[in-house]
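Notes follow the structure.
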Amino acid sequence: MNIERILEGLNESQRLAVRAPDCPVLVVAGPGTGKTLTIVRRIAYLLAKGARPEEIVAITFTNRAASELKERIRIFHGDLKGLFAGTFHLFGLRIIKDTWGDEFSILSREEQLEVIKGVSGSGRPSSIIERISRIKNLLDEPDDRIKKIMEDYQEALQKKRALDFDDIIIRAIDLLKDPSNQNRYRKTIKYIIVDEYQDINPLQYRLLKAFSIERIFAVGDPDQSIYSFRGANVKNFLDFEKEYPQAIRIVLDKNYRSQAFIVKASESLIEKNKERIPKKIVSIKKEGPPLRLVSVPDDRAEIEFIAHEIEKRLGGMSHYSLMRGLQAERGGYSLSDFAVLLRTNNQVFALETELKKTGIPCYVMGRVFSETLKEILSYIQENKDKPWELLLQELRERYRALNSLFDNYMPSSSDDLITWLKLTGPEEDRLEAEGVRLLTMHMSKGLEFRVVFIAGLEQGIIPLEAEDIEEERRLLYVAMTRAKEELFLIHARKRSLYGKTGAQKASLFLSEINNQCIEDIFIPDRPLKEKQMGLF
DNA sequence: AGACCTGTGTTTTTT
DNA sequence: ACACAGGTCT
């Protein structure tokens, strides 16, 4: 492929990154600045310069990120045999399989729980698993008690010829360090591209180091580092240039995602952090409407507000959809254009229940396949009096991805459908349902929505704790920068939390946002009468 | 073994 | 509020 095509449509800093020389490269990629685009073109560039696909390894953190990357490589470059694009774990697995073959298994969460129950005397099995995982990831030191449990645990795994997820990385490091493997990997792999470099933990860092490769292309954003609780260490990112003195740094600072007010507001927030690489992200879009900072009397009003704002916009849709073709320009919305972002899963589930009562279909993101399956099952149970045909139609409407699955097959009974779903495969995204997106702020990373509501912006929720206030600030920064067009920041003056109803203070972060980007909305307390009558 | 009381924590999550 | 582990009593 020629260089002109590879650089086509890229801005100046993206071009610099794509054409960077064969030295360590650190790409600081702010939100919405074309990070994946840059990686895709960088790979194309390396290939154009004569690299072979099997010399390039591109590592991501999640399967979602990996499949997005692969898909975009495929679109731009066509299928590339030999190029690795996948997670740390998949990469580790490949190395282990090269040496051991397929004679081992990966422990599922359930199996892991069983093994732990067998070897530990007391304590919650799930917390013991967590503790072991932290130790394996070099985040914690074992005491004598846990040492003993770990020994028994590993012995049980050995018997089963099984590895847990952390073992995959640990074994891969051992194999890479083994002198007999040096030629096999260290010499054949010439380029490593690491996505979300700010999120790597000490164990993953060791894996990268085991290659002793200088041609590392690290992409990430320290301002979006939100996983320190699982060992992600921004220091790796901030120290990159100390570690590789010949490294070059490129900052991608043009945001193509969000309208200018959203970028400006989120920048004003993140600037309050001290530990960061200074950068200034600018939007290439128009200002757009100001952010709405909404004060509501209580959690119930919060839901009513969100429901009302969504309905207002969807109302527009039914009107405009009568005039086909105009929908996009006139701002016709679909349910999945809206997202409500929350700090904790508790809030997500509470909101799901309440928002559904207002008649707005919701889709909780990140819910695993088996839970979605349970949902379908219970829906069938609840509605088993309805004719099967009708029920099926409703399930399609609800789970829109079922449509494409049904193209070649029409189940004739509920049993049939369920067994069939299991056989068709557990790819949860295929069951993605139509509905307003509900998710945690953490889960929102990497996603974008036209209209975003961030709810529960109160002290004790975000920031949840006083310690590591900078990470909490980054989390809100990530959440805010998901919005493309409109952003609502909502806080309740009163809320029930852990069974207690009490007064809430607005998050201190709200006062840190540049108020030139903000329009205040104040919803007054309910009239006393309504309160007493306990409407709804 | 099963009922019942009591203390405790209670984010965020991937593979 | 609520789940869950662990102890105690029957």
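Chain lettering (A, B, ...) mirrors the order of the structure tokens, residue numbering begins at 1 for each chain separately, and ligand numbering begins at 1 in order of display.
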
So that each row is one residue of chain B with an atom at most 10 Å from chain C, can you give its shortest atom pair and the distance in Å to one decimal, using only C-alpha atoms (C1' of nucleotides), rows by chain and rising number, as a tab-separated table?
```
residue	atom	partner	partner_atom	distance
B:DG2	C1'	C:DT10	C1'	9.2
B:DA3	C1'	C:DT10	C1'	8.5
B:DC4	C1'	C:DC9	C1'	8.5
B:DC5	C1'	C:DT8	C1'	8.4
B:DT6	C1'	C:DG7	C1'	8.7
B:DG7	C1'	C:DG6	C1'	9.4
B:DT8	C1'	C:DC4	C1'	9.2
B:DG9	C1'	C:DA3	C1'	9.9
B:DT10	C1'	C:DC2	C1'	9.3
```

Within 7 Å of chain A, which residues of chain B show up? Give each one with its shortest atom-to-atom distance in Å (one decimal) and the two atoms involved, counting only C-alpha atoms (C1' of nucleotides), rows by chain then rising residue number, as CSV.
```
residue,atom,partner,partner_atom,distance
B:DT11,C1',A:Thr344,CA,6.2
B:DT12,C1',A:His442,CA,6.2
B:DT14,C1',A:Thr62,CA,6.6
B:DT15,C1',A:Phe165,CA,5.8
```

Per residue of chain A within 10 Å of chain C, what are the shortest atom pair and its distance in Å to one decimal, counting only C-alpha atoms (C1' of nucleotides), with rows by chain and residue number, as JSON lines?
```
{"residue": "A:Ser122", "atom": "CA", "partner": "C:DA5", "partner_atom": "C1'", "distance": 8.5}
{"residue": "A:Gly123", "atom": "CA", "partner": "C:DA5", "partner_atom": "C1'", "distance": 7.1}
{"residue": "A:Arg124", "atom": "CA", "partner": "C:DA5", "partner_atom": "C1'", "distance": 6.9}
{"residue": "A:Ser496", "atom": "CA", "partner": "C:DA1", "partner_atom": "C1'", "distance": 9.9}
{"residue": "A:Leu497", "atom": "CA", "partner": "C:DA1", "partner_atom": "C1'", "distance": 8.7}
{"residue": "A:Tyr498", "atom": "CA", "partner": "C:DA1", "partner_atom": "C1'", "distance": 5.8}
{"residue": "A:Gly499", "atom": "CA", "partner": "C:DA1", "partner_atom": "C1'", "distance": 4.4}
{"residue": "A:Lys500", "atom": "CA", "partner": "C:DA1", "partner_atom": "C1'", "distance": 8.1}
```

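One distance worth recording is that between atom CA of Leu252 of chain A and atom CA of Asn233 of chain A, which is 21.2 Å.
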
With a distance cut-off of 6 Å and only C-alpha atoms (C1' of nucleotides), select the neighbouring residues of segment 481-488 of chain A, excluding the residue or stretch itself and same-chain residues fewer than 6 positions from it, and output the selection as a PyMOL selection string. chain A and resi 257-259+291-292+448-453

From a DSSP pass on the backbone, collect the residues of segment 260-309 of chain A flagged as strand (DSSP E or B) and hand them back as a PyMOL selection string. chain A and resi 282-283+291-296

Run DSSP on the backbone and give me the residues of segment 187-327 of chain A it puts in alpha helix (DSSP H), as a PyMOL selection string. chain A and resi 202-209+234-238+240-243+260-270+299-320+327

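The space between atom CA of Leu10 of chain A and atom CA of Val194 of chain A spans 20.3 Å.
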
Near Glu434 of chain A, within 7 Å and counting only C-alpha atoms (C1' of nucleotides), which residues show up once chain neighbours fewer than 6 positions away are dropped, as a PyMOL selection string? chain A and resi 335-336+363+398-400

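The shortest atom-to-atom distance to Gln158 of chain A, with only C-alpha atoms taken into account, belongs to A:Glu103 out of A:Glu103, A:Glu470, A:Glu309, A:Glu55.
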
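The space between atom CA of Gly78 of chain A and atom CA of Asp253 of chain A spans 28.7 Å.
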